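Below: entry11.csv (CSV, C-alpha atoms)
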chain,number,residue,atom,x,y,z
A,1,MET,CA,5.5,-24.1,18.4
A,2,TYR,CA,2.8,-25.2,16.0
A,3,VAL,CA,3.0,-23.4,12.6
A,4,ILE,CA,0.4,-23.7,9.8
A,5,ILE,CA,1.5,-22.7,6.3
A,6,ALA,CA,-1.2,-21.9,3.8
A,7,GLY,CA,0.1,-22.6,0.3
A,8,GLY,CA,2.5,-25.3,-0.7
A,9,GLY,CA,4.1,-23.6,-3.7
A,10,LYS,CA,7.8,-22.8,-3.8
A,11,VAL,CA,7.7,-20.3,-0.9
A,12,GLY,CA,5.5,-22.5,1.3
A,13,TYR,CA,7.6,-25.6,0.6
A,14,HIS,CA,10.9,-24.0,1.4
A,15,LEU,CA,9.5,-22.3,4.5
A,16,ALA,CA,8.2,-25.7,5.6
A,17,ARG,CA,11.6,-27.3,5.0
A,18,GLU,CA,13.3,-24.7,7.1
A,19,LEU,CA,10.8,-25.3,9.9
A,20,LEU,CA,11.1,-29.1,9.7
A,21,SER,CA,14.8,-28.9,10.4
A,22,GLY,CA,14.0,-27.0,13.6
A,23,ASP,CA,12.0,-28.2,16.6
A,24,HIS,CA,8.6,-27.1,15.4
A,25,GLU,CA,5.4,-28.8,14.6
A,26,MET,CA,4.3,-27.8,11.2
A,27,LEU,CA,1.6,-28.4,8.6
A,28,VAL,CA,1.3,-27.2,5.0
A,29,ILE,CA,-2.2,-26.8,3.5
A,30,GLU,CA,-2.2,-27.0,-0.3
A,31,ARG,CA,-5.2,-26.8,-2.5
A,32,ARG,CA,-3.9,-28.6,-5.6
A,33,SER,CA,-3.9,-32.4,-5.2
A,34,ALA,CA,-1.0,-33.0,-7.5
A,35,ARG,CA,1.2,-30.5,-5.7
A,36,ALA,CA,0.1,-31.7,-2.3
A,37,ALA,CA,1.1,-35.3,-3.2
A,38,GLU,CA,4.4,-34.0,-4.7
A,39,ILE,CA,5.5,-32.3,-1.5
A,40,ASP,CA,4.0,-34.7,1.0
A,41,ASP,CA,6.9,-37.2,0.9
A,42,ARG,CA,9.5,-34.5,1.1
A,43,LEU,CA,7.8,-32.9,4.1
A,44,GLU,CA,7.4,-36.1,6.0
A,45,GLY,CA,3.7,-36.2,5.6
A,46,ALA,CA,3.0,-32.8,7.1
A,47,VAL,CA,0.8,-31.8,4.2
A,48,LEU,CA,-3.0,-31.4,4.2
A,49,ARG,CA,-4.8,-31.2,0.9
A,50,GLY,CA,-7.5,-28.6,1.1
A,51,ASP,CA,-8.4,-24.9,0.6
A,52,ALA,CA,-7.0,-22.9,3.5
A,53,CYS,CA,-9.5,-20.2,2.8
A,54,GLU,CA,-12.2,-22.5,4.2
A,55,ALA,CA,-12.7,-22.2,7.9
A,56,SER,CA,-13.6,-25.8,8.2
A,57,VAL,CA,-10.3,-26.8,6.6
A,58,LEU,CA,-8.4,-24.6,9.0
A,59,ASP,CA,-10.3,-26.0,11.9
A,60,GLY,CA,-9.5,-29.5,10.7
A,61,ALA,CA,-5.8,-28.4,10.7
A,62,GLY,CA,-6.1,-27.5,14.4
A,63,ILE,CA,-5.9,-23.8,13.9
A,64,ALA,CA,-7.2,-23.2,17.4
A,65,ARG,CA,-3.9,-24.3,18.9
A,66,ALA,CA,-1.6,-22.8,16.2
A,67,ASP,CA,1.0,-20.3,17.3
A,68,LEU,CA,1.6,-18.9,13.9
A,69,VAL,CA,-0.1,-19.0,10.5
A,70,ALA,CA,1.8,-18.0,7.5
A,71,ALA,CA,-0.3,-17.4,4.3
A,72,VAL,CA,2.1,-17.7,1.4
A,73,THR,CA,0.0,-18.5,-1.7
A,74,GLY,CA,0.5,-16.6,-4.9
A,75,ASP,CA,-2.7,-14.7,-4.5
A,76,ASP,CA,-3.0,-11.7,-2.1
A,77,GLU,CA,-6.7,-12.1,-1.7
A,78,ASP,CA,-6.4,-15.7,-0.6
A,79,ASN,CA,-3.6,-14.7,1.8
A,80,LEU,CA,-5.7,-11.9,3.3
A,81,VAL,CA,-8.7,-14.3,3.8
A,82,VAL,CA,-6.5,-16.9,5.5
A,83,CYS,CA,-5.0,-14.3,7.8
A,84,GLU,CA,-8.4,-12.8,8.7
A,85,ILE,CA,-9.9,-16.2,9.5
A,86,ALA,CA,-6.8,-17.3,11.5
A,87,ARG,CA,-6.9,-14.1,13.5
A,88,TYR,CA,-10.6,-14.5,14.1
A,89,ARG,CA,-9.9,-18.0,15.4
A,90,GLY,CA,-7.4,-16.5,17.9
A,91,VAL,CA,-4.1,-17.3,16.3
A,92,PRO,CA,-1.5,-15.0,18.1
A,93,ARG,CA,0.7,-14.4,15.0
A,94,VAL,CA,-0.4,-14.2,11.4
A,95,LEU,CA,2.0,-13.6,8.6
A,96,ALA,CA,1.1,-12.9,4.9
A,97,ARG,CA,3.1,-13.0,1.8
A,98,VAL,CA,2.3,-10.0,-0.3
A,99,ASN,CA,2.7,-10.6,-4.0
A,100,ASN,CA,1.7,-7.2,-5.3
A,101,PRO,CA,3.8,-4.7,-3.2
A,102,PRO,CA,1.1,-1.9,-3.0
A,103,ASN,CA,-1.2,-4.4,-1.4
A,104,SER,CA,0.9,-4.3,1.8
A,105,LEU,CA,-1.0,-1.1,2.7
A,106,LEU,CA,-4.3,-3.1,3.1
A,107,PHE,CA,-2.6,-5.8,5.2
A,108,GLU,CA,-1.1,-3.1,7.4
A,109,ARG,CA,-4.6,-1.4,7.8
A,110,ARG,CA,-6.0,-4.8,8.7
A,111,GLY,CA,-3.4,-5.1,11.4
A,112,ILE,CA,-1.6,-7.9,9.8
A,113,GLU,CA,1.8,-6.5,10.5
A,114,THR,CA,4.4,-8.7,9.0
A,115,THR,CA,4.2,-8.7,5.3
A,116,VAL,CA,6.8,-10.0,3.0
A,117,SER,CA,6.8,-9.0,-0.6
A,118,ALA,CA,7.0,-12.1,-2.9
A,119,THR,CA,9.1,-10.2,-5.4
A,120,GLU,CA,11.6,-9.7,-2.7
A,121,ALA,CA,11.2,-13.2,-1.3
A,122,ILE,CA,11.7,-14.9,-4.6
A,123,LEU,CA,14.6,-12.7,-5.3
A,124,ALA,CA,16.0,-13.6,-1.9
A,125,GLN,CA,15.8,-17.2,-2.6
A,126,ILE,CA,17.5,-16.9,-5.9
A,127,GLU,CA,20.2,-14.7,-4.5
A,128,GLN,CA,20.8,-17.0,-1.5
A,129,GLU,CA,21.6,-19.8,-3.9
A,130,LEU,CA,24.2,-17.7,-5.7
A,131,PRO,CA,27.7,-17.8,-4.1
A,132,VAL,CA,28.5,-14.3,-5.2
A,133,THR,CA,28.6,-11.3,-2.8
A,134,SER,CA,25.2,-9.8,-3.0
A,135,MET,CA,22.5,-7.9,-1.2
A,136,VAL,CA,19.5,-10.0,-0.2
A,137,PRO,CA,16.2,-8.4,0.8
A,138,VAL,CA,15.0,-10.1,3.9
A,139,MET,CA,11.9,-8.4,5.0
A,140,GLN,CA,9.8,-5.3,4.5
A,141,LEU,CA,9.3,-3.2,7.6
A,142,HIS,CA,7.1,-0.2,8.2
A,143,GLN,CA,7.3,3.2,6.6
A,144,GLY,CA,9.5,2.2,3.7
A,145,LEU,CA,12.2,0.6,5.8
A,146,GLU,CA,13.4,-2.8,5.0
A,147,LEU,CA,15.9,-5.4,6.2
A,148,VAL,CA,18.6,-6.6,3.8
A,149,GLU,CA,21.4,-9.0,4.3
A,150,VAL,CA,24.8,-8.3,2.8
A,151,ARG,CA,27.6,-10.9,2.8
A,152,LEU,CA,31.1,-9.5,2.7
A,153,SER,CA,33.6,-10.9,0.2
A,154,ASP,CA,37.3,-10.1,0.1
A,155,THR,CA,36.7,-7.3,-2.4
A,156,SER,CA,34.4,-5.4,0.0
A,157,PRO,CA,35.7,-2.0,0.8
A,158,VAL,CA,34.6,-2.3,4.5
A,159,VAL,CA,36.6,-5.5,5.4
A,160,GLY,CA,39.0,-4.7,8.2
A,161,ARG,CA,37.0,-1.6,9.4
A,162,THR,CA,34.7,-1.2,12.3
A,163,PRO,CA,31.0,-0.6,11.7
A,164,ARG,CA,31.4,3.0,12.9
A,165,GLU,CA,33.9,3.7,10.2
A,166,VAL,CA,31.5,2.7,7.5
A,167,LEU,CA,29.6,5.5,5.8
A,168,LEU,CA,26.1,4.3,5.3
A,169,PRO,CA,23.2,6.0,3.4
A,170,PRO,CA,20.8,8.1,5.6
A,171,GLU,CA,18.5,6.1,7.9
A,172,SER,CA,20.5,2.9,7.4
A,173,LEU,CA,21.9,0.9,10.3
A,174,ILE,CA,23.9,-2.3,10.7
A,175,ALA,CA,21.7,-4.1,13.1
A,176,LEU,CA,23.4,-7.5,13.4
A,177,ILE,CA,26.5,-9.3,12.2
A,178,VAL,CA,26.5,-13.0,11.7
A,179,ASP,CA,30.0,-14.4,11.2
A,180,SER,CA,30.9,-17.2,8.8
A,181,GLY,CA,30.5,-19.7,11.7
A,182,GLY,CA,26.9,-18.6,12.1
A,183,VAL,CA,27.5,-16.7,15.4
A,184,PRO,CA,25.4,-13.5,15.7
A,185,ARG,CA,27.0,-10.4,17.2
A,186,VAL,CA,25.6,-6.9,17.9
A,187,PRO,CA,28.0,-4.4,16.2
A,188,GLY,CA,30.2,-2.6,18.7
A,189,ALA,CA,33.1,-0.2,18.8
A,190,ASP,CA,35.7,-3.1,18.8
A,191,THR,CA,34.0,-5.1,16.1
A,192,THR,CA,36.0,-5.6,13.0
A,193,LEU,CA,34.2,-6.5,9.8
A,194,THR,CA,35.6,-9.7,8.3
A,195,VAL,CA,35.3,-11.6,5.0
A,196,GLY,CA,32.3,-14.0,5.2
A,197,ASP,CA,30.4,-11.8,7.7
A,198,ALA,CA,26.7,-11.5,6.9
A,199,LEU,CA,25.5,-8.0,7.9
A,200,VAL,CA,21.8,-7.5,8.6
A,201,VAL,CA,21.1,-3.9,7.7
A,202,VAL,CA,18.0,-1.7,8.1
A,203,THR,CA,17.7,0.6,5.2
A,204,ARG,CA,15.3,2.2,2.8
A,205,ALA,CA,14.4,0.7,-0.6
A,206,GLU,CA,15.7,3.8,-2.4
A,207,SER,CA,19.0,3.6,-0.6
A,208,ARG,CA,19.9,0.1,-1.8
A,209,GLY,CA,22.2,1.4,-4.5
A,210,MET,CA,24.2,3.5,-2.1
A,211,LEU,CA,24.3,0.7,0.5
A,212,GLN,CA,25.6,-1.7,-2.1
A,213,GLU,CA,28.3,0.7,-3.1
A,214,ALA,CA,29.3,1.3,0.5
A,215,LEU,CA,29.4,-2.4,1.6
A,216,ILE,CA,30.1,-4.3,-1.6
A,217,GLY,CA,31.7,-1.8,-3.9
A,218,GLY,CA,31.5,-1.9,-7.7
A,219,ALA,CA,28.3,-2.4,-9.6
A,220,HIS,CA,27.4,-6.1,-9.4
A,221,GLY,CA,24.9,-7.9,-7.2
A,222,PHE,CA,21.5,-6.6,-6.5
A,223,ASP,CA,19.5,-5.5,-9.5
A,224,THR,CA,15.7,-5.4,-9.9
B,1,MET,CA,-17.4,-4.5,-9.1
B,2,GLY,CA,-18.3,-7.4,-11.3
B,3,CYS,CA,-20.6,-7.0,-14.2
B,4,GLY,CA,-22.3,-10.3,-14.0
B,5,ARG,CA,-26.1,-10.7,-13.9
B,6,THR,CA,-26.3,-9.6,-10.3
B,7,GLY,CA,-23.9,-6.7,-10.7
B,8,ALA,CA,-25.6,-5.4,-13.9
B,9,ALA,CA,-29.0,-5.6,-12.3
B,10,ILE,CA,-27.9,-3.6,-9.3
B,11,ALA,CA,-26.1,-1.0,-11.5
B,12,ALA,CA,-29.1,-0.7,-13.8
B,13,ARG,CA,-31.5,-0.1,-10.9
B,14,LEU,CA,-29.3,2.4,-9.1
B,15,ASP,CA,-28.7,4.3,-12.4
B,16,GLY,CA,-32.5,4.3,-13.0
B,17,ASP,CA,-33.0,5.8,-9.5
B,18,GLY,CA,-30.7,8.7,-10.4
B,19,HIS,CA,-27.5,7.6,-8.6
B,20,ASP,CA,-24.1,8.2,-10.1
B,21,VAL,CA,-22.8,4.6,-10.9
B,22,THR,CA,-19.5,3.3,-12.0
B,23,MET,CA,-19.3,-0.4,-13.1
B,24,LEU,CA,-15.9,-2.0,-12.7
B,25,ASP,CA,-15.0,-5.2,-14.5
B,26,LEU,CA,-11.9,-6.8,-15.8
B,27,ASP,CA,-13.6,-7.8,-19.1
B,28,ALA,CA,-15.2,-5.0,-21.2
B,29,GLY,CA,-17.3,-7.7,-22.9
B,30,GLN,CA,-19.3,-8.0,-19.6
B,31,PHE,CA,-20.7,-4.5,-20.0
B,32,ARG,CA,-23.1,-5.9,-22.6
B,33,ARG,CA,-25.3,-6.9,-19.7
B,34,LEU,CA,-25.9,-3.3,-18.8
B,35,PRO,CA,-29.1,-1.8,-20.4
B,36,ASP,CA,-28.9,0.4,-23.4
B,37,GLY,CA,-29.8,3.6,-21.6
B,38,PHE,CA,-27.2,3.1,-18.8
B,39,ARG,CA,-25.8,6.5,-18.0
B,40,GLY,CA,-23.1,5.4,-15.6
B,41,ARG,CA,-19.4,4.9,-16.2
B,42,LYS,CA,-17.9,1.6,-17.5
B,43,ALA,CA,-14.4,1.1,-16.1
B,44,VAL,CA,-12.2,-1.8,-17.2
B,45,GLY,CA,-10.0,-2.8,-14.3
B,46,ASN,CA,-9.4,-4.9,-11.2
B,47,GLY,CA,-11.1,-3.9,-8.0
B,48,MET,CA,-8.2,-5.4,-6.1
B,49,ASP,CA,-5.9,-3.0,-7.7
B,50,MET,CA,-5.5,0.3,-5.9
B,51,ASP,CA,-4.8,2.3,-9.0
B,52,ALA,CA,-7.8,0.9,-10.8
B,53,MET,CA,-10.0,1.7,-7.7
B,54,GLU,CA,-8.6,5.2,-7.6
B,55,ARG,CA,-9.3,5.8,-11.3
B,56,ALA,CA,-12.8,4.4,-10.9
B,57,GLY,CA,-13.4,7.1,-8.3
B,58,ALA,CA,-13.4,4.9,-5.1
B,59,ARG,CA,-12.2,7.9,-3.0
B,60,GLU,CA,-15.4,9.8,-3.8
B,61,ALA,CA,-17.8,6.8,-3.6
B,62,ASP,CA,-20.5,6.6,-1.0
B,63,ALA,CA,-21.1,2.9,-1.6
B,64,PHE,CA,-19.2,-0.1,-3.0
B,65,VAL,CA,-20.6,-3.5,-4.0
B,66,ALA,CA,-18.4,-6.5,-4.8
B,67,VAL,CA,-20.3,-9.2,-6.7
B,68,THR,CA,-17.6,-11.0,-8.8
B,69,GLN,CA,-17.5,-14.8,-8.8
B,70,GLY,CA,-14.7,-15.0,-6.3
B,71,ASP,CA,-15.4,-14.8,-2.6
B,72,ASN,CA,-11.9,-13.8,-1.7
B,73,ARG,CA,-11.7,-11.2,-4.5
B,74,ASN,CA,-14.9,-9.7,-3.2
B,75,PHE,CA,-13.6,-9.7,0.3
B,76,PHE,CA,-10.2,-8.2,-0.7
B,77,ALA,CA,-11.8,-5.4,-2.8
B,78,SER,CA,-14.4,-4.6,-0.1
B,79,GLN,CA,-11.7,-4.3,2.6
B,80,LEU,CA,-9.7,-2.1,0.2
B,81,ALA,CA,-12.8,0.1,-0.4
B,82,ARG,CA,-13.5,0.4,3.4
B,83,GLU,CA,-10.0,0.6,4.9
B,84,VAL,CA,-8.0,2.4,2.2
B,85,PHE,CA,-10.7,4.5,0.3
B,86,GLY,CA,-13.0,5.1,3.3
B,87,VAL,CA,-16.2,4.1,1.5
B,88,GLU,CA,-19.0,4.2,4.0
B,89,HIS,CA,-21.4,1.6,2.6
B,90,VAL,CA,-19.8,-1.6,1.5
B,91,VAL,CA,-21.6,-4.9,0.6
B,92,CYS,CA,-19.7,-8.0,-0.3
B,93,ARG,CA,-21.2,-11.1,-1.8
B,94,VAL,CA,-19.7,-14.3,-0.3
B,95,LYS,CA,-21.0,-17.7,-1.6
B,96,ASP,CA,-19.3,-19.8,1.1
B,97,PRO,CA,-21.7,-19.2,4.1
B,98,GLU,CA,-19.0,-20.1,6.6
B,99,ARG,CA,-16.6,-17.5,5.2
B,100,GLY,CA,-19.4,-15.0,5.0
B,101,GLU,CA,-20.3,-15.4,8.6
B,102,ILE,CA,-16.7,-14.8,9.7
B,103,PHE,CA,-16.4,-11.8,7.4
B,104,GLY,CA,-19.6,-10.5,9.0
B,105,HIS,CA,-18.0,-10.7,12.4
B,106,LEU,CA,-15.0,-8.7,11.1
B,107,GLY,CA,-17.4,-5.9,10.4
B,108,LEU,CA,-18.1,-6.4,6.8
B,109,ARG,CA,-21.6,-6.5,5.5
B,110,THR,CA,-21.9,-9.7,3.5
B,111,TYR,CA,-24.6,-11.4,1.5
B,112,SER,CA,-24.6,-15.1,0.9
B,113,PRO,CA,-26.6,-16.2,-2.2
B,114,THR,CA,-26.1,-19.8,-1.0
B,115,SER,CA,-27.7,-19.4,2.4
B,116,ALA,CA,-30.4,-17.0,1.0
B,117,GLY,CA,-31.2,-19.5,-1.8
B,118,ALA,CA,-31.4,-22.4,0.5
B,119,GLU,CA,-33.6,-20.5,2.9
B,120,ALA,CA,-35.9,-19.4,0.0
B,121,ILE,CA,-36.3,-23.0,-1.3
B,122,LEU,CA,-36.9,-24.4,2.2
B,123,ALA,CA,-39.5,-21.7,2.8
B,124,MET,CA,-41.3,-22.7,-0.5
B,125,LEU,CA,-41.3,-26.3,0.5
B,126,ALA,CA,-42.6,-25.5,4.0
B,127,ALA,CA,-45.4,-23.4,2.5
B,128,ASP,CA,-46.6,-26.5,0.6
B,129,GLY,CA,-47.1,-28.1,4.0
B,130,PRO,CA,-46.0,-31.6,5.0
B,131,ALA,CA,-46.0,-34.2,2.2
Rewrite the structure from the file as structure tokens, please.
Amino acid sequence: MYVIIAGGGKVGYHLARELLSGDHEMLVIERRSARAAEIDDRLEGAVLRGDACEASVLDGAGIARADLVAAVTGDDEDNLVVCEIARYRGVPRVLARVNNPPNSLLFERRGIETTVSATEAILAQIEQELPVTSMVPVMQLHQGLELVEVRLSDTSPVVGRTPREVLLPPESLIALIVDSGGVPRVPGADTTLTVGDALVVVTRAESRGMLQEALIGGAHGFDT
Amino acid sequence: MGCGRTGAAIAARLDGDGHDVTMLDLDAGQFRRLPDGFRGRKAVGNGMDMDAMERAGAREADAFVAVTQGDNRNFFASQLAREVFGVEHVVCRVKDPERGEIFGHLGLRTYSPTSAGAEAILAMLAADGPA
């Protein structure tokens, strides 16, 4: 898979690092020369200095054969332009980082389906680096739904129970359980929740408080 | 949106012709470009901000013109006007002709001062005949 990332800031850089460790071909386009030089070494030379909002720069990056373009700059207008040009060039999947959450409406109207709010993404990065039990927003879905990840510690009230016994907020669902060994499982009747499990949960933003109480207990962890 | 020289000239003309005009700019100082007798509204705000657009009356607008210095800002605000506020007539200034052409294919009416200027200058030279 060939992935082009527009924007080599913190989000773009970390995304690129993740992809490098996988089996993907990847290129980061960064406008600022100094930043491009800074990340070039660390990304094994997969950095192109240029403005990804210019069609000729994207063409030079080989956008015609890209499988995915992720526009993750700090400016929503730039991300929209990159996505629109990418789609016009026939890229099958385009993904935009949305910095100002209300703007996700416009991306949705333009048919750019996967939008990730930066506020959440940055928070996610910070939270992932913290060893404490916490709730990490993963992705915004449609109609106010979102994906969050909750890691269970030994103080969690749900450890030892089955997913069915857990009382979740309305319209919330444990979609996936990844155990401490990194093995994903679909929750079933005979699944027992264990310390170290990461639960991927579909919920509503307004239900986070209730969800936290149900899965983590107490009043620490997630706070905007 | 964008009270530079172009924006102010368009607003002044439309106002003079009896249209109901709102000028939107981030910087209130820019409104100095509007003529003294301008009867329209002057709204301080960002055309890429949905609340600011709402307050400026985008929902009731028949036309929206984006002429800030930023191609991407103009594009974003124009798409917002069209897709979210349902404005019927939208014109977007795009300096980069390449970008302008693609935006045009996406259904947005764009104007490129770069291409138009180059064409005009070339036409003047051509009118002078071969050197």
Item to complete: Compute the chain A side of the contact with chain B at 10 Å, counting only C-alpha atoms, and hand it back as number ranges by chain.
Response: A: 53-56, 75-82, 84-85, 88-89, 100, 102-103, 105-110
Discussion item. Set the distance at 9 Å and use all atoms listed in the file: which residues neighbour Ser172 in chain A once local chain neighbours fewer than 6 positions away are removed? I'd like the list as a ChimeraX atom specification.
Written reply: /A:145,201-204,207,211
Worksheet item: When you draw a straight line from CA of Ala46 in chain A to CA of Gly8 in chain A, how long is it in Å?
Response: 10.8 Å
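Atom pair CA of Val195 in chain A / CA of Leu152 in chain A: separated by 5.2 Å.
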Practice prompt. Extract, using all atoms listed in the file, all DNA, RNA and protein residues at most 9 Å from Val158 in chain A, discarding same-chain residues fewer than 4 positions from it, and format them as a PyMOL selection string.
Written response: chain A and resi 152+162-163+165-166+193-194+214-217
Worksheet entry | Atomic distance CA of Pro137 in chain A - CA of Ala205 in chain A, expressed in Å with one decimal | 9.4 Å
Worksheet item: Residues around (-19.1, 2.0, -13.1), cut-off 10 Å, counting all atoms listed in the file - what are they as a list in words?
Response: Met1, Gly2, Cys3, Ala8, Ala11, Asp15, Asp20, Val21, Thr22, Met23, Leu24, Asp25, Phe31, Phe38, Arg39, Gly40, Arg41, Lys42, Ala43, Val44, Ala56 and Gly57 of chain B
May I have the residues within 8 Å of range 28-45 of chain A as a compact mmCIF listing (two decimals) with C-alpha atoms, in the coordinates of the input, using all atoms listed in the file and disregarding those fewer than 6 positions away in the same chain?
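Once written, around08.txt looks like this:
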# COMPACT_ATOMS: atom_id res chain seq x y z
CA ILE A 4 0.40 -23.70 9.80
CA ILE A 5 1.50 -22.70 6.30
CA ALA A 6 -1.20 -21.90 3.80
CA GLY A 7 0.10 -22.60 0.30
CA GLY A 8 2.50 -25.30 -0.70
CA GLY A 9 4.10 -23.60 -3.70
CA GLY A 12 5.50 -22.50 1.30
CA TYR A 13 7.60 -25.60 0.60
CA ALA A 16 8.20 -25.70 5.60
CA ARG A 17 11.60 -27.30 5.00
CA LEU A 20 11.10 -29.10 9.70
CA ASP A 51 -8.40 -24.90 0.60
CA ALA A 52 -7.00 -22.90 3.50
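Point (17.2, -8.5, 3.6) has the following residues at most 9 Å away: Glu120, Ala124, Met135, Val136, Pro137, Val138, Met139, Gln140, Glu146, Leu147, Val148, Glu149, Val150, Val200, Val201 and Val202 of chain A (atoms considered: all atoms listed in the file).
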